$ cat my_file-v5.tsv   # TSV, C-alpha atoms
chain	number	residue	atom	x	y	z
A	1	MET	CA	39.31	-5.89	8.98
A	2	LYS	CA	35.97	-7.64	9.22
A	3	ALA	CA	34.18	-4.35	8.75
A	4	LEU	CA	36.37	-3.58	5.77
A	5	LYS	CA	35.54	-6.96	4.26
A	6	TYR	CA	31.82	-6.33	4.67
A	7	LEU	CA	32.21	-2.86	3.29
A	8	THR	CA	33.89	-4.24	0.19
A	9	ILE	CA	31.21	-6.92	-0.22
A	10	ALA	CA	28.44	-4.40	0.28
A	11	ALA	CA	29.99	-1.98	-2.15
A	12	THR	CA	30.46	-4.72	-4.74
A	13	ALA	CA	26.87	-5.86	-4.28
A	14	ASN	CA	25.80	-2.30	-4.82
A	15	LEU	CA	27.59	-2.05	-8.08
A	16	CYS	CA	25.91	-5.21	-9.32
A	17	LEU	CA	22.45	-4.17	-8.22
A	18	LEU	CA	22.48	-0.55	-9.14
A	19	PRO	CA	24.73	0.12	-12.07
A	20	ALA	CA	23.26	3.61	-12.33
A	21	LEU	CA	24.82	4.47	-9.00
A	22	ALA	CA	28.26	3.17	-9.83
A	23	ASP	CA	29.69	6.56	-10.70
A	24	GLU	CA	28.16	8.20	-7.63
A	25	GLY	CA	29.77	5.74	-5.22
A	26	ALA	CA	28.57	4.69	-1.83
A	27	ILE	CA	29.02	7.03	1.11
A	28	PRO	CA	30.75	5.40	4.07
A	29	LEU	CA	29.32	6.03	7.55
A	30	SER	CA	30.58	4.38	10.69
A	31	LEU	CA	29.10	3.93	14.12
A	32	LYS	CA	31.40	3.58	17.09
A	33	GLY	CA	30.67	4.17	20.75
A	34	HIS	CA	27.09	4.89	19.62
A	35	LYS	CA	28.24	7.92	17.65
A	36	PHE	CA	28.09	8.42	13.91
A	37	ALA	CA	31.17	9.47	11.97
A	38	PRO	CA	30.83	11.64	10.04
A	39	ALA	CA	27.81	13.08	11.82
A	40	GLU	CA	27.19	15.34	8.86
A	41	ILE	CA	26.83	13.80	5.42
A	42	HIS	CA	26.72	15.92	2.30
A	43	VAL	CA	24.96	14.42	-0.70
A	44	LYS	CA	23.96	15.67	-4.10
A	45	ALA	CA	20.33	16.75	-4.20
A	46	ASN	CA	17.79	15.19	-6.58
A	47	VAL	CA	19.74	12.00	-7.23
A	48	PRO	CA	19.57	8.70	-5.31
A	49	ASN	CA	22.42	8.04	-2.88
A	50	VAL	CA	23.61	5.03	-0.91
A	51	ILE	CA	25.13	5.18	2.54
A	52	VAL	CA	27.05	2.13	3.72
A	53	LEU	CA	26.77	2.04	7.49
A	54	SER	CA	29.31	-0.08	9.34
A	55	ASN	CA	28.47	-0.73	12.94
A	56	ALA	CA	31.63	-1.20	14.99
A	57	ASP	CA	29.73	-1.47	18.27
A	58	ASP	CA	28.90	-4.62	20.20
A	59	THR	CA	25.17	-3.95	19.94
A	60	ALA	CA	22.80	-3.74	17.02
A	61	GLU	CA	21.58	-0.33	15.93
A	62	GLU	CA	18.67	0.89	13.89
A	63	PHE	CA	19.40	3.69	11.46
A	64	ASP	CA	16.16	5.59	11.75
A	65	SER	CA	14.99	8.72	10.03
A	66	THR	CA	11.41	9.73	9.46
A	67	SER	CA	12.47	12.54	7.14
A	68	LEU	CA	14.56	10.17	5.01
A	69	LYS	CA	11.88	7.44	5.30
A	70	VAL	CA	14.49	4.87	6.30
A	71	GLU	CA	14.45	2.22	9.00
A	72	LYS	CA	17.37	-0.14	8.78
A	73	VAL	CA	18.71	-2.46	11.45
A	74	VAL	CA	22.45	-3.05	11.29
A	75	ALA	CA	23.71	-5.88	13.48
A	76	SER	CA	26.80	-5.47	15.66
A	77	HIS	CA	30.12	-5.61	13.78
A	78	SER	CA	28.30	-5.68	10.51
A	79	SER	CA	27.35	-3.27	7.78
A	80	GLY	CA	24.29	-2.40	5.77
A	81	ASN	CA	23.20	-0.29	2.83
A	82	VAL	CA	20.94	2.65	3.43
A	83	ARG	CA	19.39	3.79	0.17
A	84	LEU	CA	18.28	7.39	-0.01
A	85	ARG	CA	15.60	8.54	-2.41
A	86	PRO	CA	16.40	11.59	-4.53
A	87	LEU	CA	16.29	14.39	-1.97
A	88	ALA	CA	15.19	17.96	-2.36
A	89	PRO	CA	17.86	20.36	-1.04
A	90	GLY	CA	17.65	20.52	2.74
A	91	ARG	CA	18.61	18.96	6.07
A	92	TYR	CA	17.47	15.44	6.94
A	93	PRO	CA	18.29	14.38	10.50
A	94	PHE	CA	18.81	10.71	11.31
A	95	MET	CA	19.52	8.80	14.50
A	96	GLY	CA	20.47	5.45	15.91
A	97	GLU	CA	17.18	4.66	17.49
A	98	TYR	CA	18.55	2.43	20.23
A	99	HIS	CA	21.00	5.08	21.43
A	100	ALA	CA	19.30	8.27	20.36
A	101	ASP	CA	21.00	10.39	23.06
A	102	THR	CA	24.40	10.06	21.37
A	103	ALA	CA	23.79	8.53	17.94
A	104	GLN	CA	22.67	11.57	15.96
A	105	GLY	CA	23.50	12.77	12.50
A	106	VAL	CA	22.22	14.74	9.56
A	107	VAL	CA	22.17	14.33	5.80
A	108	ILE	CA	22.52	17.59	3.95
A	109	ALA	CA	21.33	17.52	0.36
A	110	GLU	CA	22.66	20.36	-1.80
B	1	MET	CA	14.09	4.84	31.91
B	2	LEU	CA	11.88	7.35	30.13
B	3	ALA	CA	13.91	6.93	26.95
B	4	SER	CA	13.48	3.19	26.84
B	5	LEU	CA	9.81	3.52	27.75
B	6	LEU	CA	9.30	5.82	24.78
B	7	ILE	CA	11.22	3.63	22.34
B	8	VAL	CA	9.37	0.45	23.28
B	9	PHE	CA	6.05	2.30	23.30
B	10	ARG	CA	6.73	3.72	19.85
B	11	GLU	CA	7.47	0.25	18.52
B	12	VAL	CA	4.53	-1.56	20.10
B	13	ILE	CA	1.95	1.10	19.28
B	14	GLU	CA	1.54	-0.21	15.72
B	15	ALA	CA	0.98	-3.79	16.82
B	16	GLY	CA	-1.31	-2.48	19.59
B	17	LEU	CA	-3.57	-0.63	17.16
B	18	ILE	CA	-3.78	-3.59	14.80
B	19	ILE	CA	-4.63	-6.03	17.60
B	20	GLY	CA	-7.35	-3.63	18.81
B	21	ILE	CA	-8.93	-3.54	15.36
B	22	VAL	CA	-8.72	-7.31	14.93
B	23	LEU	CA	-10.36	-7.86	18.32
B	24	ALA	CA	-13.17	-5.47	17.42
B	25	ALA	CA	-13.64	-7.06	14.00
B	26	THR	CA	-14.01	-10.47	15.63
B	27	ARG	CA	-16.36	-9.40	18.40
B	28	SER	CA	-18.87	-12.14	19.26
B	29	VAL	CA	-16.81	-14.69	17.41
B	30	ALA	CA	-16.10	-17.92	19.23
B	31	GLY	CA	-12.45	-18.83	19.68
B	32	ARG	CA	-11.00	-15.45	18.78
B	33	GLY	CA	-9.03	-15.18	22.03
B	34	PHE	CA	-7.15	-18.32	21.17
B	35	TRP	CA	-6.31	-17.21	17.64
B	36	VAL	CA	-5.27	-13.67	18.58
B	37	GLY	CA	-3.21	-15.11	21.44
B	38	LEU	CA	-1.61	-17.54	19.04
B	39	GLY	CA	-0.80	-14.66	16.67
B	40	ILE	CA	0.84	-12.68	19.49
B	41	ALA	CA	2.81	-15.68	20.76
B	42	GLY	CA	3.89	-16.61	17.24
B	43	GLY	CA	4.87	-13.02	16.55
B	44	ILE	CA	7.02	-12.82	19.69
B	45	ALA	CA	8.73	-16.12	18.89
B	46	GLY	CA	9.29	-14.92	15.32
B	47	ALA	CA	10.63	-11.59	16.59
B	48	CYS	CA	13.25	-13.35	18.72
B	49	ILE	CA	14.33	-15.51	15.77
B	50	VAL	CA	14.52	-12.51	13.43
B	51	ALA	CA	16.51	-10.54	16.02
B	52	ALA	CA	18.89	-13.43	16.62
B	53	PHE	CA	19.56	-13.81	12.91
B	54	ALA	CA	19.45	-10.11	12.04
B	55	GLU	CA	22.96	-10.19	10.59
B	56	GLN	CA	22.38	-13.29	8.45
B	57	LEU	CA	19.00	-11.99	7.28
B	58	ALA	CA	20.48	-8.64	6.28
B	59	GLY	CA	23.21	-10.39	4.31
B	60	LEU	CA	20.79	-12.21	2.02
B	61	PHE	CA	19.98	-10.95	-1.50
B	62	GLN	CA	23.08	-8.77	-1.83
B	63	GLY	CA	22.42	-6.96	1.43
B	64	SER	CA	18.73	-6.40	0.81
B	65	GLY	CA	17.49	-9.36	2.86
B	66	GLN	CA	15.99	-7.24	5.61
B	67	GLU	CA	14.04	-5.05	3.19
B	68	LEU	CA	12.78	-8.00	1.15
B	69	PHE	CA	11.75	-9.83	4.31
B	70	ASN	CA	9.80	-6.83	5.58
B	71	ALA	CA	8.15	-6.34	2.20
B	72	ALA	CA	7.25	-10.03	2.03
B	73	ILE	CA	5.63	-10.27	5.47
B	74	LEU	CA	3.76	-7.00	4.90
B	75	SER	CA	2.44	-8.37	1.61
B	76	ILE	CA	1.26	-11.52	3.38
B	77	ALA	CA	-0.57	-9.36	5.93
B	78	VAL	CA	-2.20	-7.34	3.11
B	79	LEU	CA	-3.43	-10.55	1.45
B	80	MET	CA	-4.82	-11.85	4.75
B	81	LEU	CA	-6.64	-8.58	5.49
B	82	ALA	CA	-8.08	-8.51	1.98
B	83	TRP	CA	-9.16	-12.11	2.23
B	84	HIS	CA	-10.84	-11.52	5.59
B	85	ASN	CA	-12.78	-8.54	4.26
B	86	VAL	CA	-13.92	-10.34	1.12
B	87	TRP	CA	-14.97	-13.40	3.10
B	88	MET	CA	-16.89	-11.23	5.53
B	89	ALA	CA	-18.61	-9.40	2.68
B	90	GLY	CA	-19.92	-12.77	1.54
B	91	HIS	CA	-20.86	-14.21	4.93
B	92	GLY	CA	-21.32	-11.17	7.13
B	93	LYS	CA	-25.06	-10.83	6.61
B	94	GLN	CA	-25.73	-14.45	7.37
B	95	MET	CA	-23.56	-14.15	10.47
B	96	ALA	CA	-25.34	-11.03	11.68
B	97	ASN	CA	-28.72	-12.78	11.33
B	98	GLU	CA	-27.42	-15.77	13.22
B	99	MET	CA	-26.11	-13.49	15.95
B	100	ARG	CA	-29.46	-11.74	16.32
B	101	GLN	CA	-31.37	-15.00	16.45
B	102	MET	CA	-29.07	-16.87	18.78
B	103	GLY	CA	-27.95	-13.87	20.79
B	104	ALA	CA	-24.71	-15.73	21.26
B	105	GLU	CA	-21.26	-16.11	19.83
B	106	VAL	CA	-21.15	-17.38	16.33
B	107	SER	CA	-18.45	-19.48	14.79
B	108	LEU	CA	-16.73	-17.49	12.13
B	109	GLY	CA	-15.00	-19.77	9.67
B	110	GLN	CA	-11.76	-21.00	11.17
B	111	LYS	CA	-10.00	-19.84	8.02
B	112	THR	CA	-10.65	-16.14	8.46
B	113	LEU	CA	-9.63	-16.28	12.12
B	114	THR	CA	-6.39	-17.91	11.00
B	115	ALA	CA	-5.89	-15.09	8.50
B	116	LEU	CA	-6.33	-12.48	11.24
B	117	ALA	CA	-3.98	-14.41	13.54
B	118	VAL	CA	-1.36	-14.17	10.80
B	119	VAL	CA	-1.93	-10.40	10.58
B	120	VAL	CA	-1.45	-10.05	14.35
B	121	GLY	CA	1.62	-12.28	14.16
B	122	VAL	CA	3.17	-10.17	11.40
B	123	ALA	CA	2.50	-6.92	13.28
B	124	VAL	CA	4.04	-8.26	16.48
B	125	LEU	CA	6.97	-9.77	14.62
B	126	ARG	CA	7.88	-6.56	12.80
B	127	GLU	CA	7.81	-4.27	15.80
B	128	GLY	CA	8.88	-6.98	18.23
B	129	SER	CA	12.17	-7.80	16.55
B	130	GLU	CA	13.25	-4.18	17.00
B	131	VAL	CA	12.22	-4.21	20.64
B	132	VAL	CA	14.12	-7.46	21.18
B	133	LEU	CA	17.27	-6.02	19.59
B	134	PHE	CA	16.99	-2.87	21.64
B	135	LEU	CA	16.41	-4.65	24.95
B	136	TYR	CA	19.11	-7.21	24.16
B	137	GLY	CA	21.52	-4.35	23.54
B	138	ILE	CA	20.72	-2.87	26.94
B	139	ALA	CA	21.09	-6.19	28.69
B	140	ALA	CA	24.39	-6.88	26.91
B	141	GLN	CA	25.86	-3.54	27.95
B	142	GLY	CA	25.17	-4.23	31.61
B	143	GLY	CA	25.80	-1.56	34.20
B	144	GLN	CA	23.63	-0.03	36.89
B	145	SER	CA	21.08	1.47	34.56
B	146	THR	CA	20.11	-1.85	33.01
B	147	ALA	CA	17.35	-2.58	35.50
B	148	SER	CA	15.76	0.83	35.15
B	149	LEU	CA	15.99	0.68	31.34
B	150	LEU	CA	14.34	-2.73	31.34
B	151	ALA	CA	11.65	-1.42	33.68
B	152	GLY	CA	11.11	1.40	31.19
B	153	GLY	CA	10.77	-1.18	28.45
B	154	ALA	CA	8.17	-3.10	30.45
B	155	LEU	CA	6.18	0.09	31.04
B	156	GLY	CA	6.41	0.84	27.33
B	157	LEU	CA	4.93	-2.57	26.57
B	158	LEU	CA	2.15	-1.90	29.04
B	159	ALA	CA	1.45	1.47	27.41
B	160	GLY	CA	1.31	-0.26	24.03
B	161	ALA	CA	-1.18	-2.78	25.41
B	162	SER	CA	-3.30	0.11	26.70
B	163	VAL	CA	-3.44	1.57	23.18
B	164	SER	CA	-4.70	-1.80	22.04
B	165	ALA	CA	-7.37	-1.77	24.75
B	166	LEU	CA	-8.38	1.83	23.99
B	167	MET	CA	-8.74	1.04	20.30
B	168	TYR	CA	-10.82	-2.02	21.11
B	169	PHE	CA	-13.15	-0.44	23.65
B	170	GLY	CA	-13.45	2.66	21.51
B	171	LEU	CA	-14.63	0.56	18.59
B	172	LEU	CA	-17.03	-1.36	20.83
B	173	THR	CA	-19.02	1.83	21.42
B	174	ILE	CA	-20.07	1.67	17.75
B	175	PRO	CA	-23.55	0.16	17.35
B	176	ALA	CA	-23.44	-3.51	16.36
B	177	ARG	CA	-25.16	-3.00	13.02
B	178	ARG	CA	-22.54	-0.43	11.98
B	179	MET	CA	-19.67	-2.53	13.29
B	180	PHE	CA	-19.04	-4.51	10.14
B	181	SER	CA	-18.82	-1.51	7.83
B	182	VAL	CA	-16.56	0.34	10.28
B	183	THR	CA	-14.15	-2.54	10.89
B	184	SER	CA	-14.05	-3.54	7.23
B	185	GLY	CA	-13.29	0.08	6.35
B	186	LEU	CA	-10.51	0.19	8.94
B	187	ILE	CA	-9.10	-3.10	7.69
B	188	THR	CA	-9.13	-1.89	4.08
B	189	LEU	CA	-7.17	1.25	5.05
B	190	LEU	CA	-4.81	-0.84	7.17
B	191	ALA	CA	-4.13	-3.05	4.15
B	192	GLY	CA	-3.55	-0.02	1.90
B	193	GLY	CA	-1.05	1.44	4.37
B	194	MET	CA	0.80	-1.85	4.69
B	195	ALA	CA	0.97	-2.25	0.91
B	196	SER	CA	2.47	1.21	0.47
B	197	GLN	CA	4.92	0.48	3.30
B	198	ALA	CA	5.93	-2.71	1.48
B	199	VAL	CA	6.64	-0.64	-1.64
B	200	LEU	CA	8.89	1.62	0.41
B	201	PHE	CA	10.85	-1.39	1.71
B	202	LEU	CA	11.26	-2.74	-1.83
B	203	GLN	CA	12.57	0.65	-2.93
B	204	GLN	CA	14.96	0.73	0.03
B	205	GLY	CA	16.16	-2.69	-1.00
B	206	GLY	CA	16.91	-1.42	-4.49
B	207	TYR	CA	13.97	-3.08	-6.21
B	208	PHE	CA	10.82	-1.65	-7.73
B	209	GLU	CA	12.59	1.54	-8.60
B	210	PHE	CA	10.10	3.55	-10.55
B	211	MET	CA	8.10	6.61	-9.60
B	212	THR	CA	10.35	7.11	-6.61
B	213	SER	CA	10.25	10.88	-6.48
B	214	THR	CA	8.32	12.47	-3.66
B	215	LEU	CA	4.89	13.77	-4.62
B	216	TRP	CA	4.32	16.19	-1.78
B	217	GLU	CA	5.57	17.05	1.70
B	218	THR	CA	3.24	17.56	4.64
B	219	SER	CA	5.77	17.22	7.44
B	220	TRP	CA	5.24	20.91	8.26
B	221	LEU	CA	1.57	20.14	8.95
B	222	LEU	CA	1.64	16.68	10.49
B	223	PRO	CA	5.09	15.14	10.93
B	224	GLU	CA	5.23	11.36	10.74
B	225	SER	CA	7.66	11.36	13.66
B	226	GLY	CA	5.02	12.67	16.06
B	227	ILE	CA	2.63	10.42	17.91
B	228	VAL	CA	-0.44	11.44	15.87
B	229	GLY	CA	1.43	11.08	12.58
B	230	ARG	CA	2.72	7.71	13.64
B	231	MET	CA	-0.70	6.42	14.61
B	232	LEU	CA	-2.21	7.67	11.36
B	233	HIS	CA	0.69	6.02	9.54
B	234	THR	CA	-0.39	2.67	10.98
B	235	LEU	CA	-4.13	3.20	10.69
B	236	ILE	CA	-4.54	4.74	7.24
B	237	GLY	CA	-1.03	4.59	5.81
B	238	TYR	CA	-0.38	8.30	6.29
B	239	THR	CA	3.04	9.42	5.20
B	240	ASP	CA	4.32	12.99	5.14
B	241	ALA	CA	6.29	12.45	1.92
B	242	PRO	CA	4.69	9.81	-0.31
B	243	ASN	CA	6.22	8.82	-3.62
B	244	GLY	CA	4.36	7.96	-6.81
B	245	ALA	CA	4.67	4.18	-6.59
B	246	GLN	CA	3.44	4.23	-2.99
B	247	LEU	CA	0.36	6.23	-3.89
B	248	VAL	CA	-0.45	4.01	-6.90
B	249	VAL	CA	-0.14	0.82	-4.85
B	250	TYR	CA	-2.14	2.35	-1.98
B	251	ILE	CA	-5.05	3.29	-4.24
B	252	LEU	CA	-4.87	-0.02	-6.14
B	253	THR	CA	-5.08	-1.94	-2.87
B	254	LEU	CA	-8.10	0.00	-1.61
B	255	VAL	CA	-9.94	-0.23	-4.94
B	256	THR	CA	-9.20	-3.95	-5.40
B	257	ILE	CA	-10.43	-4.87	-1.93
B	258	ARG	CA	-13.61	-2.80	-2.25
B	259	LEU	CA	-14.34	-4.20	-5.73
B	260	LEU	CA	-13.85	-7.78	-4.58
B	261	MET	CA	-16.08	-7.16	-1.57
B	262	ARG	CA	-18.81	-5.71	-3.74
B	263	LEU	CA	-18.50	-8.58	-6.20
B	264	VAL	CA	-18.82	-11.23	-3.50
B	265	HIS	CA	-21.55	-9.36	-1.70
B	266	GLY	CA	-23.59	-8.93	-4.89
B	267	ARG	CA	-23.37	-12.61	-5.69
B	268	LYS	CA	-24.46	-13.63	-2.22
B	269	SER	CA	-27.24	-11.11	-1.80
B	270	LEU	CA	-29.28	-12.62	-4.65
B	271	PRO	CA	-30.21	-15.86	-2.86
B	272	ASP	CA	-30.70	-13.80	0.33
B	273	ALA	CA	-33.27	-11.66	-1.47
B	274	LEU	CA	-35.03	-14.76	-2.79
B	275	VAL	CA	-35.18	-16.28	0.66
B	276	SER	CA	-36.65	-13.16	2.25
B	277	SER	CA	-39.28	-12.69	-0.49
B	278	THR	CA	-40.52	-16.26	-0.19
B	279	SER	CA	-40.72	-16.27	3.58

$ encode --input "my_file-v5.tsv" --output "structure tokens"
Amino acid sequence: MKALKYLTIAATANLCLLPALADEGAIPLSLKGHKFAPAEIHVKANVPNVIVLSNADDTAEEFDSTSLKVEKVVASHSSGNVRLRPLAPGRYPFMGEYHADTAQGVVIAE
Amino acid sequence: MLASLLIVFREVIEAGLIIGIVLAATRSVAGRGFWVGLGIAGGIAGACIVAAFAEQLAGLFQGSGQELFNAAILSIAVLMLAWHNVWMAGHGKQMANEMRQMGAEVSLGQKTLTALAVVVGVAVLREGSEVVLFLYGIAAQGGQSTASLLAGGALGLLAGASVSALMYFGLLTIPARRMFSVTSGLITLLAGGMASQAVLFLQQGGYFEFMTSTLWETSWLLPESGIVGRMLHTLIGYTDAPNGAQLVVYILTLVTIRLLMRLVHGRKSLPDALVSSTS
């Protein structure tokens, strides 16, 4: 429930901040047991996107991707917005840096 | 253990390089150990506070608190680096003369040492808060592997400190008369890289959203995820996919610092010339 609350707040905040993104909508991503779900995220290429990462684990995690140019710490049982620049079509792997052996995922822009 | 060693090493390498440059830039300056030490200690304390309040910090400014915070402390570091360089451009010559005559440590203005201590503090704080969160996570999970993971973390720290030492001793091999131009050049590039990193954080936070499209990709040649790419990222602000705003701010920072240095240096060199012609 807490995660849902944060998700709603985050999504609302998004709409206020970035009206241009309102019609695109935020992409939900969850982290549980140090695994991302979904591990494969499909986004539209060449437009900005926002992922809302909710961390259901008891430890903090850093969403880290050198190809996406994002480093974002999300505290335990909390959520955070990960803004993606307009991406050229392709695969952009990301990981949870603190648990890189299991926390792996990929953004596919098409 | 190897995994945690690598993670901690990757995080401390940036702070390590910056501390190495600061130590080299303040060679033969009295009291630098104290100020650099203070910067490190302050950075570690700050890192623990930031890690402890990560959730609250992230919640500020409609969820962009973390990005704004990072951009703000990077901007402070850029200002401090610029200020140090400009101050040195004005006083460096006088200091070098003093050093030659006295053959001893000179007292650099306390102000510029404070500025560099802030830079060290910011570097340690940024990387440190991630290390703290990571190590805290390990400790919180418990289990048999905790000790070995923590040992890996300690080794990673040690490796980061070695990078710092390598940078420092490497720079010390440069002849003393060249030292100022080399360190001021390094510091200018460091500032440019930090400024463009600050732009990226602002963009991630949803601010400063113009010229965001990627200009070029060089990840096929030198990926930023590799160790060389990462070090160049810290040292000269290398990025394998820069966007327009980043490039503009990077160039603006370099040009502004160099112009200010030249301006201050030109103003100071006039009385210097008079003094030398009359003596």

$ axis_aligned_box --input "my_file-v5.tsv" --around "range 156-175 of chain B" --padding-each-side "6 Å" --output "lines of an AutoDock Vina configuration file"
center_x = -8.6
center_y = -0.1
center_z = 23.2
size_x = 42.0
size_y = 17.4
size_z = 23.7

$ closest_residue --input "my_file-v5.tsv" --among "B:Val228, B:Leu2, B:Ala241, B:Ala41" --to "chain A" --atoms "only C-alpha atoms"
B:Ala241

$ residues_around --input "my_file-v5.tsv" --residues "range 56-64 of chain B" --least-positions-apart "2" --cutoff "6 Å" --atoms "all atoms listed in the file" --output "list of chain:residue names"
A:Ala13, B:Phe53, B:Ala54, B:Gln66, B:Glu67, B:Gly205

$ residues_near_point --input "my_file-v5.tsv" --point "(17.6, 5.1, 14.0)" --cutoff "10 Å" --atoms "only C-alpha atoms" --output "JSON, numbers by chain"
{"A": [61, 62, 63, 64, 65, 66, 70, 71, 72, 73, 74, 93, 94, 95, 96, 97, 98, 99, 100, 103, 104, 105]}

$ atom_distance --input "my_file-v5.tsv" --atom1 "CA of His77 in chain A" --atom2 "CA of Gly65 in chain B"
17.1 Å

$ closest_residue --input "my_file-v5.tsv" --among "B:Ser213, B:Gln246, B:Ser75, B:Thr256" --to "chain A" --atoms "all atoms listed in the file"
B:Ser213

$ build_atoms --input "my_file-v5.tsv" --residues "range 165-187 of chain B" --atoms "N, CA and C atoms" --output "tab-separated table (two decimals), keeping the file's coordinate frame"
chain	number	residue	atom	x	y	z
B	165	ALA	N	-6.11	-1.72	24.01
B	165	ALA	CA	-7.37	-1.77	24.75
B	165	ALA	C	-8.25	-0.57	24.41
B	166	LEU	N	-7.63	0.62	24.33
B	166	LEU	CA	-8.38	1.83	23.99
B	166	LEU	C	-9.02	1.71	22.62
B	167	MET	N	-8.24	1.23	21.66
B	167	MET	CA	-8.74	1.04	20.30
B	167	MET	C	-9.94	0.10	20.34
B	168	TYR	N	-9.78	-1.00	21.05
B	168	TYR	CA	-10.82	-2.02	21.11
B	168	TYR	C	-12.10	-1.48	21.76
B	169	PHE	N	-11.96	-0.90	22.95
B	169	PHE	CA	-13.15	-0.44	23.65
B	169	PHE	C	-13.78	0.77	22.95
B	170	GLY	N	-12.93	1.56	22.31
B	170	GLY	CA	-13.45	2.66	21.51
B	170	GLY	C	-14.34	2.14	20.38
B	171	LEU	N	-13.86	1.12	19.70
B	171	LEU	CA	-14.63	0.56	18.59
B	171	LEU	C	-15.90	-0.13	19.08
B	172	LEU	N	-15.85	-0.66	20.30
B	172	LEU	CA	-17.03	-1.36	20.83
B	172	LEU	C	-18.21	-0.41	21.06
B	173	THR	N	-17.92	0.89	21.19
B	173	THR	CA	-19.02	1.83	21.42
B	173	THR	C	-19.86	2.04	20.15
B	174	ILE	N	-19.32	1.55	19.01
B	174	ILE	CA	-20.07	1.67	17.75
B	174	ILE	C	-21.22	0.67	17.77
B	175	PRO	N	-22.42	1.09	17.37
B	175	PRO	CA	-23.55	0.16	17.35
B	175	PRO	C	-23.25	-1.09	16.52
B	176	ALA	N	-23.77	-2.22	16.97
B	176	ALA	CA	-23.44	-3.51	16.36
B	176	ALA	C	-23.72	-3.55	14.85
B	177	ARG	N	-24.81	-2.89	14.43
B	177	ARG	CA	-25.16	-3.00	13.02
B	177	ARG	C	-24.21	-2.21	12.12
B	178	ARG	N	-23.52	-1.22	12.74
B	178	ARG	CA	-22.54	-0.43	11.98
B	178	ARG	C	-21.16	-1.07	12.02
B	179	MET	N	-21.00	-1.99	12.99
B	179	MET	CA	-19.67	-2.53	13.29
B	179	MET	C	-18.96	-3.08	12.06
B	180	PHE	N	-19.69	-3.86	11.28
B	180	PHE	CA	-19.04	-4.51	10.14
B	180	PHE	C	-18.49	-3.49	9.15
B	181	SER	N	-19.32	-2.47	8.82
B	181	SER	CA	-18.82	-1.51	7.83
B	181	SER	C	-17.65	-0.71	8.38
B	182	VAL	N	-17.68	-0.41	9.70
B	182	VAL	CA	-16.56	0.34	10.28
B	182	VAL	C	-15.29	-0.50	10.29
B	183	THR	N	-15.37	-1.74	10.81
B	183	THR	CA	-14.15	-2.54	10.89
B	183	THR	C	-13.65	-2.92	9.50
B	184	SER	N	-14.55	-3.17	8.55
B	184	SER	CA	-14.05	-3.54	7.23
B	184	SER	C	-13.40	-2.33	6.57
B	185	GLY	N	-13.94	-1.13	6.85
B	185	GLY	CA	-13.29	0.08	6.35
B	185	GLY	C	-11.90	0.26	6.95
B	186	LEU	N	-11.80	0.06	8.26
B	186	LEU	CA	-10.51	0.19	8.94
B	186	LEU	C	-9.50	-0.82	8.39
B	187	ILE	N	-10.00	-2.04	8.17
B	187	ILE	CA	-9.10	-3.10	7.69
B	187	ILE	C	-8.64	-2.81	6.27
